[in-house]
>>> print(open('coords.csv').read())   # CSV, C-alpha atoms
chain,number,residue,atom,x,y,z
D,14,MET,CA,0.0,0.0,0.0
D,15,ALA,CA,1.3,3.4,-1.0
D,16,LEU,CA,2.5,5.7,1.8
D,17,ARG,CA,0.2,8.5,2.7
D,18,SER,CA,1.4,12.0,2.7
D,19,PRO,CA,1.6,13.8,6.1
D,20,LEU,CA,-1.3,16.0,5.0
D,21,LEU,CA,-3.6,13.0,4.3
D,22,GLU,CA,-2.5,11.4,7.6
D,23,GLU,CA,-3.4,14.6,9.4
D,24,PHE,CA,-6.8,14.8,7.6
D,25,ARG,CA,-7.6,11.3,8.6
D,26,ALA,CA,-6.6,11.8,12.2
D,27,ASN,CA,-7.8,15.4,12.8
D,28,LYS,CA,-11.6,15.3,12.6
D,29,SER,CA,-12.1,18.4,14.7
D,30,ARG,CA,-10.5,20.8,12.2
D,31,LYS,CA,-12.9,22.3,9.6
D,32,TRP,CA,-11.2,21.3,6.3
D,33,GLU,CA,-11.8,23.1,3.0
D,34,LEU,CA,-10.8,22.2,-0.5
D,35,ARG,CA,-8.1,24.9,-0.5
D,36,ASP,CA,-6.4,23.1,2.4
D,37,ILE,CA,-5.7,20.1,0.2
D,38,THR,CA,-4.5,22.0,-2.9
D,39,GLY,CA,-1.8,19.9,-4.6
D,40,TYR,CA,-3.1,16.7,-3.0
D,41,ILE,CA,-6.4,16.3,-4.8
D,42,VAL,CA,-5.4,13.1,-6.7
D,43,GLU,CA,-4.1,11.4,-3.5
D,44,PHE,CA,-7.2,12.4,-1.5
D,45,SER,CA,-9.5,11.2,-4.3
D,46,GLY,CA,-7.9,7.7,-4.0
D,47,ASP,CA,-8.5,7.6,-0.3
D,48,GLN,CA,-11.8,6.5,1.2
D,49,HIS,CA,-12.2,9.4,3.5
D,50,GLY,CA,-10.5,11.9,1.2
D,51,SER,CA,-12.7,10.9,-1.7
D,52,ARG,CA,-15.9,11.4,0.4
D,53,PHE,CA,-14.7,14.8,1.5
D,54,ILE,CA,-14.0,16.0,-2.0
D,55,GLN,CA,-17.4,14.6,-3.2
D,56,GLN,CA,-19.3,16.5,-0.5
D,57,LYS,CA,-17.4,19.8,-1.1
D,58,LEU,CA,-17.9,19.7,-4.9
D,59,GLU,CA,-21.6,19.8,-4.4
D,60,THR,CA,-21.4,23.3,-3.0
D,61,ALA,CA,-18.0,24.5,-4.4
D,62,THR,CA,-17.5,27.8,-6.1
D,63,SER,CA,-16.5,27.9,-9.8
D,64,GLU,CA,-12.9,28.6,-8.8
D,65,GLU,CA,-12.8,25.7,-6.4
D,66,LYS,CA,-14.2,23.3,-9.0
D,67,GLN,CA,-11.7,24.5,-11.5
D,68,SER,CA,-8.8,24.0,-9.1
D,69,VAL,CA,-9.9,20.4,-8.4
D,70,PHE,CA,-10.4,19.8,-12.1
D,71,ASP,CA,-6.9,21.1,-13.1
D,72,GLU,CA,-5.2,18.7,-10.7
D,73,ILE,CA,-7.1,15.7,-12.2
D,74,VAL,CA,-7.5,16.5,-16.0
D,75,PRO,CA,-5.9,15.3,-18.2
D,76,ASN,CA,-3.0,13.4,-16.6
D,77,ASN,CA,-4.7,11.7,-13.7
D,78,ALA,CA,-8.3,11.2,-14.9
D,79,LEU,CA,-7.9,7.6,-16.3
D,80,GLN,CA,-6.2,6.4,-13.1
D,81,LEU,CA,-9.0,7.8,-10.9
D,82,ILE,CA,-11.8,6.7,-13.2
D,83,GLN,CA,-10.8,3.1,-12.5
D,84,ASP,CA,-10.2,3.6,-8.8
D,85,VAL,CA,-12.5,2.2,-6.1
D,86,PHE,CA,-12.7,5.6,-4.5
D,87,GLY,CA,-11.5,8.0,-7.2
D,88,ASN,CA,-14.3,7.1,-9.6
D,89,TYR,CA,-16.8,8.8,-7.3
D,90,VAL,CA,-14.9,12.1,-7.5
D,91,ILE,CA,-14.9,11.9,-11.3
D,92,GLN,CA,-18.7,11.2,-11.3
D,93,LYS,CA,-19.2,14.4,-9.2
D,94,LEU,CA,-17.2,16.4,-11.7
D,95,PHE,CA,-19.6,15.2,-14.4
D,96,GLU,CA,-22.5,16.2,-12.2
D,97,HIS,CA,-21.3,19.6,-11.0
D,98,GLY,CA,-18.7,20.7,-13.6
D,99,THR,CA,-19.3,23.2,-16.4
D,100,GLN,CA,-20.1,21.9,-19.8
D,101,VAL,CA,-16.5,22.7,-20.9
D,102,GLN,CA,-15.1,20.7,-18.0
D,103,LYS,CA,-17.4,17.8,-18.8
D,104,THR,CA,-16.3,17.8,-22.4
D,105,LEU,CA,-12.6,17.9,-21.5
D,106,LEU,CA,-13.0,15.2,-18.9
D,107,ALA,CA,-14.9,12.9,-21.4
D,108,THR,CA,-12.2,13.6,-24.0
D,109,THR,CA,-9.6,12.0,-21.7
D,110,MET,CA,-11.7,8.9,-21.8
D,111,GLU,CA,-11.9,8.7,-25.6
D,112,GLY,CA,-9.9,5.9,-27.1
D,113,HIS,CA,-10.4,3.9,-23.8
D,114,ILE,CA,-14.2,3.5,-23.7
D,115,LEU,CA,-14.1,-0.2,-24.3
D,116,PRO,CA,-11.7,-1.1,-21.4
D,117,LEU,CA,-13.4,1.4,-19.1
D,118,SER,CA,-16.8,-0.1,-19.9
D,119,LEU,CA,-15.5,-3.5,-19.0
D,120,GLN,CA,-14.0,-2.4,-15.7
D,121,MET,CA,-15.9,-2.4,-12.4
D,122,TYR,CA,-15.4,1.3,-11.6
D,123,GLY,CA,-14.8,2.6,-15.1
D,124,CYS,CA,-18.2,1.4,-16.3
D,125,ARG,CA,-19.9,3.6,-13.6
D,126,VAL,CA,-18.0,6.7,-14.9
D,127,VAL,CA,-18.8,5.9,-18.5
D,128,GLN,CA,-22.5,5.7,-17.6
D,129,LYS,CA,-22.3,9.0,-15.8
D,130,ALA,CA,-20.5,10.6,-18.7
D,131,VAL,CA,-23.2,9.4,-21.1
D,132,GLU,CA,-25.8,11.3,-19.0
D,133,TYR,CA,-23.9,14.6,-19.0
D,134,VAL,CA,-21.9,15.0,-22.2
D,135,LEU,CA,-23.3,16.5,-25.4
D,136,PRO,CA,-24.8,14.3,-28.2
D,137,GLU,CA,-21.7,14.5,-30.4
D,138,GLN,CA,-19.5,13.0,-27.6
D,139,GLN,CA,-22.2,10.4,-26.8
D,140,GLY,CA,-21.9,9.4,-30.5
D,141,ALA,CA,-18.1,9.1,-30.2
D,142,PHE,CA,-18.6,6.7,-27.2
D,143,VAL,CA,-21.0,4.6,-29.3
D,144,LYS,CA,-18.6,4.4,-32.2
D,145,GLU,CA,-15.9,3.0,-30.0
D,146,LEU,CA,-18.1,0.3,-28.6
D,147,GLU,CA,-19.9,-0.6,-31.9
D,148,PRO,CA,-17.5,-3.3,-33.0
D,149,HIS,CA,-17.6,-4.9,-29.5
D,150,VAL,CA,-21.2,-4.5,-28.6
D,151,MET,CA,-22.1,-8.2,-28.1
D,152,ARG,CA,-19.0,-8.5,-25.9
D,153,CYS,CA,-20.2,-5.6,-23.8
D,154,VAL,CA,-23.8,-6.9,-23.6
D,155,LYS,CA,-22.5,-10.2,-22.1
D,156,ASP,CA,-20.2,-8.5,-19.7
D,157,ALA,CA,-21.1,-8.0,-16.0
D,158,ASN,CA,-20.0,-4.3,-16.3
D,159,GLY,CA,-20.3,-3.5,-19.9
D,160,ASN,CA,-24.0,-4.4,-20.1
D,161,HIS,CA,-24.8,-1.4,-17.9
D,162,VAL,CA,-23.1,0.9,-20.3
D,163,ILE,CA,-25.0,-0.5,-23.3
D,164,GLN,CA,-28.3,-0.1,-21.3
D,165,LYS,CA,-27.4,3.5,-20.5
D,166,LEU,CA,-26.6,4.3,-24.1
D,167,ILE,CA,-30.0,2.8,-25.2
D,168,GLU,CA,-31.7,5.0,-22.5
D,169,ARG,CA,-29.9,8.2,-23.2
D,170,VAL,CA,-28.7,8.4,-26.8
D,171,ALA,CA,-30.8,9.3,-29.8
D,172,PRO,CA,-31.9,6.1,-31.7
D,173,GLU,CA,-30.4,7.3,-35.0
D,174,ARG,CA,-26.9,7.2,-33.3
D,175,LEU,CA,-27.4,3.6,-32.1
D,176,ALA,CA,-26.5,1.7,-35.2
D,177,PHE,CA,-25.3,-1.2,-33.0
D,178,VAL,CA,-28.9,-2.2,-32.3
D,179,ASN,CA,-28.8,-3.8,-35.9
D,180,SER,CA,-26.4,-6.4,-34.6
D,181,PHE,CA,-29.1,-7.7,-32.2
D,182,LYS,CA,-31.1,-8.9,-35.2
D,183,GLY,CA,-30.7,-12.6,-35.5
D,184,ASN,CA,-29.5,-12.8,-31.9
D,185,VAL,CA,-32.7,-12.2,-30.0
D,186,PHE,CA,-33.0,-15.7,-28.6
D,187,GLU,CA,-29.3,-15.6,-27.5
D,188,LEU,CA,-29.8,-12.2,-25.9
D,189,ALA,CA,-33.1,-13.1,-24.2
D,190,THR,CA,-31.7,-16.2,-22.6
D,191,HIS,CA,-28.6,-14.4,-21.3
D,192,PRO,CA,-28.5,-12.9,-17.7
D,193,TYR,CA,-27.4,-9.5,-19.0
D,194,GLY,CA,-28.6,-9.7,-22.6
D,195,CYS,CA,-32.2,-10.1,-21.3
D,196,ARG,CA,-31.9,-6.7,-19.6
D,197,VAL,CA,-30.5,-5.0,-22.7
D,198,LEU,CA,-33.3,-6.4,-24.8
D,199,GLN,CA,-35.9,-5.0,-22.3
D,200,ARG,CA,-34.2,-1.5,-22.5
D,201,CYS,CA,-34.5,-1.7,-26.3
D,202,PHE,CA,-38.2,-2.4,-26.1
D,203,GLU,CA,-38.6,0.4,-23.5
D,204,HIS,CA,-36.7,3.2,-25.3
D,205,LEU,CA,-36.4,2.6,-29.0
D,206,SER,CA,-38.8,3.4,-31.8
D,207,GLU,CA,-41.1,0.9,-33.5
D,208,ASP,CA,-38.8,0.9,-36.5
D,209,ASN,CA,-36.0,-0.3,-34.3
D,210,THR,CA,-37.9,-2.8,-32.2
D,211,ARG,CA,-40.3,-4.4,-34.7
D,212,PRO,CA,-37.7,-6.7,-36.2
D,213,LEU,CA,-36.6,-7.8,-32.7
D,214,LEU,CA,-40.1,-8.4,-31.5
D,215,ASP,CA,-41.0,-10.4,-34.7
D,216,GLU,CA,-38.0,-12.5,-33.9
D,217,LEU,CA,-39.0,-12.9,-30.3
D,218,HIS,CA,-42.4,-14.2,-31.2
D,219,LYS,CA,-40.8,-17.2,-33.0
D,220,TYR,CA,-39.5,-18.4,-29.6
D,221,THR,CA,-42.2,-17.4,-27.1
D,222,ILE,CA,-42.9,-20.8,-25.6
D,223,ASN,CA,-39.2,-21.6,-25.3
D,224,LEU,CA,-38.4,-18.2,-23.8
D,225,MET,CA,-41.2,-18.3,-21.2
D,226,GLN,CA,-39.6,-21.5,-19.8
D,227,ASP,CA,-36.1,-19.9,-19.6
D,228,GLN,CA,-34.8,-18.5,-16.3
D,229,PHE,CA,-34.0,-15.2,-18.1
D,230,GLY,CA,-36.2,-15.3,-21.2
D,231,ASN,CA,-39.4,-15.3,-19.0
D,232,TYR,CA,-38.6,-11.8,-17.9
D,233,VAL,CA,-38.4,-10.5,-21.5
D,234,VAL,CA,-41.8,-12.1,-22.3
D,235,GLN,CA,-43.3,-10.6,-19.1
D,236,PHE,CA,-41.9,-7.2,-20.1
D,237,VAL,CA,-43.6,-7.3,-23.5
D,238,LEU,CA,-46.9,-8.5,-21.8
D,239,GLU,CA,-46.8,-5.6,-19.4
D,240,HIS,CA,-45.3,-2.8,-21.5
D,241,GLY,CA,-45.7,-3.9,-25.1
D,242,LYS,CA,-48.2,-3.0,-27.8
D,243,PRO,CA,-51.6,-4.8,-27.7
D,244,GLN,CA,-50.8,-6.8,-30.9
D,245,ASP,CA,-47.6,-8.2,-29.2
D,246,ARG,CA,-49.5,-8.9,-26.0
D,247,SER,CA,-52.2,-10.7,-27.9
D,248,LEU,CA,-49.7,-12.8,-29.9
D,249,ILE,CA,-48.0,-14.0,-26.7
D,250,ILE,CA,-51.3,-14.8,-25.0
D,251,SER,CA,-52.4,-16.7,-28.1
D,252,LYS,CA,-49.3,-18.9,-27.7
D,253,LEU,CA,-50.5,-19.8,-24.1
D,254,ARG,CA,-53.8,-21.1,-25.3
D,255,GLY,CA,-53.9,-24.8,-24.9
D,256,GLN,CA,-50.8,-24.7,-22.8
D,257,MET,CA,-52.0,-23.1,-19.6
D,258,LEU,CA,-51.7,-26.2,-17.4
D,259,ASN,CA,-48.3,-27.2,-18.7
D,260,MET,CA,-46.9,-23.7,-18.5
D,261,SER,CA,-48.4,-23.1,-15.1
D,262,ARG,CA,-46.6,-26.0,-13.7
D,263,HIS,CA,-43.2,-24.7,-14.9
D,264,LYS,CA,-40.9,-22.8,-12.5
D,265,PHE,CA,-40.4,-19.9,-14.9
D,266,ALA,CA,-43.3,-20.1,-17.3
D,267,SER,CA,-45.7,-19.9,-14.4
D,268,ASN,CA,-44.6,-16.3,-13.9
D,269,VAL,CA,-45.6,-15.6,-17.5
D,270,CYS,CA,-49.0,-17.2,-17.0
D,271,GLU,CA,-49.6,-14.9,-14.0
D,272,LYS,CA,-48.6,-11.9,-16.0
D,273,ALA,CA,-50.8,-12.9,-18.9
D,274,LEU,CA,-53.8,-13.2,-16.6
D,275,VAL,CA,-53.2,-9.7,-15.2
D,276,THR,CA,-52.5,-8.0,-18.6
D,277,ALA,CA,-54.9,-9.8,-20.9
D,278,ASP,CA,-58.0,-8.1,-22.3
D,279,PRO,CA,-61.2,-9.4,-20.7
D,280,GLU,CA,-62.1,-11.8,-23.5
D,281,SER,CA,-58.6,-13.3,-23.6
D,282,ARG,CA,-58.5,-13.6,-19.8
D,283,ARG,CA,-61.9,-15.4,-19.9
D,284,LEU,CA,-60.6,-17.9,-22.4
D,285,LEU,CA,-57.4,-18.6,-20.3
D,286,VAL,CA,-59.5,-19.1,-17.2
D,287,ASP,CA,-62.0,-21.3,-19.0
D,288,GLU,CA,-59.1,-23.5,-20.1
D,289,MET,CA,-58.1,-23.9,-16.5
D,290,MET,CA,-61.6,-25.0,-15.5
D,291,THR,CA,-62.3,-27.4,-18.4
D,292,PRO,CA,-61.7,-31.1,-17.6
D,293,LYS,CA,-59.2,-32.9,-19.8
D,294,GLN,CA,-60.2,-35.8,-22.0
D,295,ASP,CA,-59.3,-38.2,-19.2
D,296,GLY,CA,-61.8,-36.4,-17.0
D,297,VAL,CA,-59.2,-34.9,-14.7
D,298,SER,CA,-59.7,-31.2,-13.8
D,299,PRO,CA,-56.7,-28.9,-14.4
D,300,LEU,CA,-57.7,-27.1,-11.2
D,301,VAL,CA,-57.0,-30.1,-9.0
D,302,THR,CA,-53.6,-30.6,-10.6
D,303,MET,CA,-52.9,-26.9,-10.2
D,304,MET,CA,-53.9,-26.7,-6.6
D,305,LYS,CA,-51.4,-29.5,-5.7
D,306,ASP,CA,-48.6,-28.0,-7.8
D,307,GLN,CA,-45.8,-25.9,-6.2
D,308,PHE,CA,-45.9,-23.4,-9.1
D,309,ALA,CA,-49.3,-23.7,-10.7
D,310,ASN,CA,-51.1,-23.0,-7.4
D,311,TYR,CA,-49.8,-19.4,-7.7
D,312,VAL,CA,-51.3,-19.1,-11.1
D,313,LEU,CA,-54.6,-20.3,-9.7
D,314,GLN,CA,-54.4,-17.7,-6.9
D,315,ARG,CA,-53.7,-15.0,-9.5
D,316,ALA,CA,-56.7,-16.2,-11.6
D,317,LEU,CA,-58.9,-16.0,-8.5
D,318,SER,CA,-57.8,-12.4,-7.9
D,319,VAL,CA,-58.5,-11.1,-11.4
D,320,VAL,CA,-61.5,-13.2,-12.6
D,321,GLU,CA,-64.8,-11.3,-12.8
D,322,GLY,CA,-68.6,-11.8,-12.7
D,323,ASP,CA,-70.1,-15.2,-13.4
D,324,GLN,CA,-66.8,-16.7,-14.3
D,325,LYS,CA,-65.5,-15.8,-10.8
D,326,GLU,CA,-68.5,-17.6,-9.3
D,327,ALA,CA,-67.9,-20.6,-11.4
D,328,LEU,CA,-64.2,-20.8,-10.6
D,329,VAL,CA,-64.8,-20.4,-6.8
D,330,GLY,CA,-67.5,-23.0,-7.1
D,331,LYS,CA,-65.1,-25.5,-8.6
D,332,VAL,CA,-62.2,-24.6,-6.2
D,333,ARG,CA,-64.1,-24.7,-2.9
D,334,PRO,CA,-65.1,-28.4,-2.9
D,335,GLN,CA,-61.6,-29.4,-4.0
D,336,LEU,CA,-60.2,-27.5,-1.1
D,337,ALA,CA,-62.4,-29.4,1.3
D,338,SER,CA,-61.1,-32.7,0.0
D,339,MET,CA,-57.5,-31.5,0.0
D,340,ARG,CA,-57.5,-30.5,3.7
D,341,ARG,CA,-56.6,-34.1,4.6
D,342,TYR,CA,-53.3,-33.6,2.7
D,343,SER,CA,-52.6,-30.6,4.8
D,344,SER,CA,-51.0,-29.2,1.7
D,345,ALA,CA,-49.0,-25.9,2.0
D,346,TYR,CA,-50.4,-24.9,-1.4
D,347,SER,CA,-54.0,-25.4,-0.4
D,348,LYS,CA,-53.4,-23.2,2.6
D,349,HIS,CA,-52.2,-20.5,0.3
D,350,LEU,CA,-55.4,-20.8,-1.7
D,351,LEU,CA,-57.6,-20.8,1.4
D,352,SER,CA,-56.0,-17.6,2.7
D,353,SER,CA,-56.0,-15.7,-0.6
D,354,LYS,CA,-58.9,-16.9,-2.6
D,355,PHE,CA,-60.5,-13.5,-2.9
D,356,SER,CA,-57.6,-11.1,-2.7
D,357,PRO,CA,-54.6,-10.4,-4.9
D,358,VAL,CA,-51.5,-12.3,-3.9
D,359,VAL,CA,-48.0,-11.0,-3.9
D,360,HIS,CA,-45.3,-13.6,-3.8
D,361,GLN,CA,-41.6,-13.9,-4.3
D,362,PRO,CA,-40.3,-14.6,-7.8
D,363,ARG,CA,-39.3,-18.2,-8.3
D,364,PHE,CA,-35.5,-18.2,-9.0
>>> encode(input="coords.csv", output="structure tokens")
Amino acid sequence: MALRSPLLEEFRANKSRKWELRDITGYIVEFSGDQHGSRFIQQKLETATSEEKQSVFDEIVPNNALQLIQDVFGNYVIQKLFEHGTQVQKTLLATTMEGHILPLSLQMYGCRVVQKAVEYVLPEQQGAFVKELEPHVMRCVKDANGNHVIQKLIERVAPERLAFVNSFKGNVFELATHPYGCRVLQRCFEHLSEDNTRPLLDELHKYTINLMQDQFGNYVVQFVLEHGKPQDRSLIISKLRGQMLNMSRHKFASNVCEKALVTADPESRRLLVDEMMTPKQDGVSPLVTMMKDQFANYVLQRALSVVEGDQKEALVGKVRPQLASMRRYSSAYSKHLLSSKFSPVVHQPRF
């Protein structure tokens, strides 16, 4: 560990003294890399005068910026400069990052600064960041740090500058089933125009049943159900028809079944619930199977909370006698049903 200067040692030891930024002139870089010094500079920058901010800025930019951006404590000081600096300072600070955007985006602390920079720099500089990452976008998407940068770009940069989205075409299944790719895909659906997202959604629809059974893909399907256009919601719900019992019993797809019941239009919801109530060819009621299943019982609870009118009466009428006969099993799942038959249920996601 590097030796601390006498000034930093005194700062750490002497809490009674009222320290100001001018007291640490010439030592800004060292203090930025120290846990207590960094916190002090961050707090002071929030209320600093223009002269004080310029003084801090001059000690860091350009020669020490890259070092601090990647530092466990220094990165926070850089983020404060983006938040509280002048536009000229922000531009100069971001310029020191140019040519290094890929390695910074893949680094634990650097990725936070790149995200902050994207929020505060001008569109032209945002475009320069995008250009650097374009050839490596899939690598970033699949990286624990880089994916956050790609998400931020999709949220903040004008769609016409985001040519890299074209590289997602043909890779939708791969993205949707990836722990980070599924988040990036959701940001695309959330922030991009219909022209950008339609090819991705059309591709998604080819794999709906597979995706709803995937530990990450199910979140993408749920996102489209909740936030997508009616045509996309209807298409997903149509794929569930005839599959409600099977999908309800699946650890991940059961989440999608619940979301479908909540987001469906009344007629589609009615058809899904009818399917749950209609006995199979062998005479076995799906309801009985669902009541005894560790995942499907949640779907049945959700159905009970959203069903309306005469269909609600019919569903309750079918569930109630089954509950009576199931009491002898002392099933944990039937207890859930007993306690929440008429009220919406909130439960933990099934990971």
>>> residues_around(input="coords.csv", residues="D:Pro172", least_positions_apart="4", cutoff="10 Å", atoms="all atoms listed in the file", output="ChimeraX atom specification")
/D:166-168,176-178,201,204-206,208-209
>>> closest_residue(input="coords.csv", among="D:Leu336, D:Ile41, D:Ala266, D:Ile114", to="D:Asp71", atoms="all atoms listed in the file")
D:Ile41
>>> atom_distance(input="coords.csv", atom1="atom CA of D:His263", atom2="atom CA of D:Ala157")
27.7 Å
>>> atom_distance(input="coords.csv", atom1="atom CA of D:Ser251", atom2="atom CA of D:Asn223")
14.4 Å
>>> residues_around(input="coords.csv", residues="D:Arg125", least_positions_apart="4", cutoff="9 Å", atoms="all atoms listed in the file", output="JSON, numbers by chain")
{"D": [82, 88, 89, 92, 117, 118, 120, 121, 129, 130, 158, 161, 162]}
>>> write_last_selection(input="coords.csv", atoms="C-alpha atoms", output="PDB file, in the frame of the given file")
ATOM      1  CA  ILE D  82     -11.800   6.700 -13.200  1.00  0.00           C
ATOM      2  CA  ASN D  88     -14.300   7.100  -9.600  1.00  0.00           C
ATOM      3  CA  TYR D  89     -16.800   8.800  -7.300  1.00  0.00           C
ATOM      4  CA  GLN D  92     -18.700  11.200 -11.300  1.00  0.00           C
ATOM      5  CA  LEU D 117     -13.400   1.400 -19.100  1.00  0.00           C
ATOM      6  CA  SER D 118     -16.800  -0.100 -19.900  1.00  0.00           C
ATOM      7  CA  GLN D 120     -14.000  -2.400 -15.700  1.00  0.00           C
ATOM      8  CA  MET D 121     -15.900  -2.400 -12.400  1.00  0.00           C
ATOM      9  CA  LYS D 129     -22.300   9.000 -15.800  1.00  0.00           C
ATOM     10  CA  ALA D 130     -20.500  10.600 -18.700  1.00  0.00           C
ATOM     11  CA  ASN D 158     -20.000  -4.300 -16.300  1.00  0.00           C
ATOM     12  CA  HIS D 161     -24.800  -1.400 -17.900  1.00  0.00           C
ATOM     13  CA  VAL D 162     -23.100   0.900 -20.300  1.00  0.00           C
TER      14      VAL D 162
END
>>> closest_atom_pairs(input="coords.csv", of="stretch 155-215 of chain D", to="stretch 146-151 of chain D", cutoff="9 Å", atoms="all atoms listed in the file", output="Markdown table")
| residue | atom | partner | partner_atom | distance |
| --- | --- | --- | --- | --- |
| D:Lys155 | CA | D:Met151 | CA | 6.3 |
| D:Asp156 | CA | D:Met151 | CA | 8.6 |
| D:Gly159 | CA | D:Val150 | CA | 8.8 |
| D:Asn160 | CA | D:Val150 | CA | 8.9 |
| D:Ile163 | CA | D:Val150 | CA | 7.7 |
| D:Leu175 | CA | D:Glu147 | CA | 8.6 |
| D:Ala176 | CA | D:Glu147 | CA | 7.7 |
| D:Phe177 | CA | D:Glu147 | CA | 5.5 |
| D:Val178 | CA | D:Val150 | CA | 8.8 |
| D:Ser180 | CA | D:Met151 | CA | 8.0 |
| D:Phe181 | CA | D:Met151 | CA | 8.1 |
| D:Leu188 | CA | D:Met151 | CA | 9.0 |
| D:Gly194 | CA | D:Met151 | CA | 8.6 |
>>> atom_distance(input="coords.csv", atom1="atom CA of D:Cys153", atom2="atom CA of D:Tyr122")
14.8 Å
>>> closest_residue(input="coords.csv", among="D:Leu214, D:Val154, D:Val170, D:Met257", to="D:Gln139", atoms="all atoms listed in the file")
D:Val170
>>> closest_residue(input="coords.csv", among="D:Asp323, D:Glu280, D:Glu288, D:Glu271", to="D:Asn310", atoms="all atoms listed in the file")
D:Glu271
>>> residues_around(input="coords.csv", residues="stretch 95-107 of chain D", least_positions_apart="6", cutoff="10 Å", atoms="all atoms listed in the file", output="ChimeraX atom specification")
/D:58-61,63,66-67,70-71,73-75,78-79,89,114,126-127,129-135,138-139,142
>>> residues_around(input="coords.csv", residues="D:Asp306", least_positions_apart="2", cutoff="10 Å", atoms="all atoms listed in the file", output="list in words")
Ser261, Arg262, His263, Leu300, Val301, Thr302, Met303, Met304, Phe308, Ala309, Asn310, Tyr311, Val312, Leu313, Ser344, Tyr346 and Ser347 of chain D
>>> closest_atom_pairs(input="coords.csv", of="stretch 266-335 of chain D", to="stretch 238-247 of chain D", cutoff="8 Å", atoms="all atoms listed in the file", output="CSV")
residue,atom,partner,partner_atom,distance
D:Lys272,CA,D:Leu238,CA,6.9
D:Ala273,CA,D:Leu238,CA,6.6
D:Thr276,CA,D:Glu239,CA,6.2
D:Ala277,CA,D:Arg246,CA,7.5
>>> closest_residue(input="coords.csv", among="D:Val237, D:Met290, D:Val42, D:Leu119", to="D:Phe86", atoms="all atoms listed in the file")
D:Val42
>>> closest_residue(input="coords.csv", among="D:Leu248, D:Arg174, D:Gln294, D:Met289", to="D:Val332", atoms="only C-alpha atoms")
D:Met289
>>> build_atoms(input="coords.csv", residues="stretch 137-151 of chain D", atoms="N, CA and C atoms", output="tab-separated table (two decimals), in the coordinates of the input")
chain	number	residue	atom	x	y	z
D	137	GLU	N	-22.81	14.85	-29.53
D	137	GLU	CA	-21.70	14.50	-30.40
D	137	GLU	C	-20.72	13.55	-29.67
D	138	GLN	N	-20.47	13.85	-28.40
D	138	GLN	CA	-19.50	13.00	-27.60
D	138	GLN	C	-20.17	11.68	-27.27
D	139	GLN	N	-21.47	11.68	-27.02
D	139	GLN	CA	-22.20	10.40	-26.80
D	139	GLN	C	-21.96	9.53	-28.08
D	140	GLY	N	-22.08	10.16	-29.24
D	140	GLY	CA	-21.90	9.40	-30.50
D	140	GLY	C	-20.50	8.85	-30.63
D	141	ALA	N	-19.50	9.59	-30.14
D	141	ALA	CA	-18.10	9.10	-30.20
D	141	ALA	C	-17.95	7.86	-29.30
D	142	PHE	N	-18.59	7.87	-28.13
D	142	PHE	CA	-18.60	6.70	-27.20
D	142	PHE	C	-19.17	5.49	-27.95
D	143	VAL	N	-20.33	5.72	-28.57
D	143	VAL	CA	-21.00	4.60	-29.30
D	143	VAL	C	-20.13	4.03	-30.36
D	144	LYS	N	-19.48	4.90	-31.12
D	144	LYS	CA	-18.60	4.40	-32.20
D	144	LYS	C	-17.51	3.52	-31.71
D	145	GLU	N	-16.95	3.85	-30.55
D	145	GLU	CA	-15.90	3.00	-30.00
D	145	GLU	C	-16.38	1.64	-29.58
D	146	LEU	N	-17.61	1.59	-29.12
D	146	LEU	CA	-18.10	0.30	-28.60
D	146	LEU	C	-18.80	-0.53	-29.72
D	147	GLU	N	-19.17	0.11	-30.83
D	147	GLU	CA	-19.90	-0.60	-31.90
D	147	GLU	C	-19.32	-1.94	-32.29
D	148	PRO	N	-18.00	-2.02	-32.55
D	148	PRO	CA	-17.50	-3.30	-33.00
D	148	PRO	C	-17.45	-4.38	-31.88
D	149	HIS	N	-17.70	-3.96	-30.66
D	149	HIS	CA	-17.60	-4.90	-29.50
D	149	HIS	C	-18.88	-4.97	-28.71
D	150	VAL	N	-20.00	-4.63	-29.36
D	150	VAL	CA	-21.20	-4.50	-28.60
D	150	VAL	C	-21.70	-5.77	-27.94
D	151	MET	N	-21.60	-6.89	-28.65
D	151	MET	CA	-22.10	-8.20	-28.10
D	151	MET	C	-21.17	-8.56	-26.88
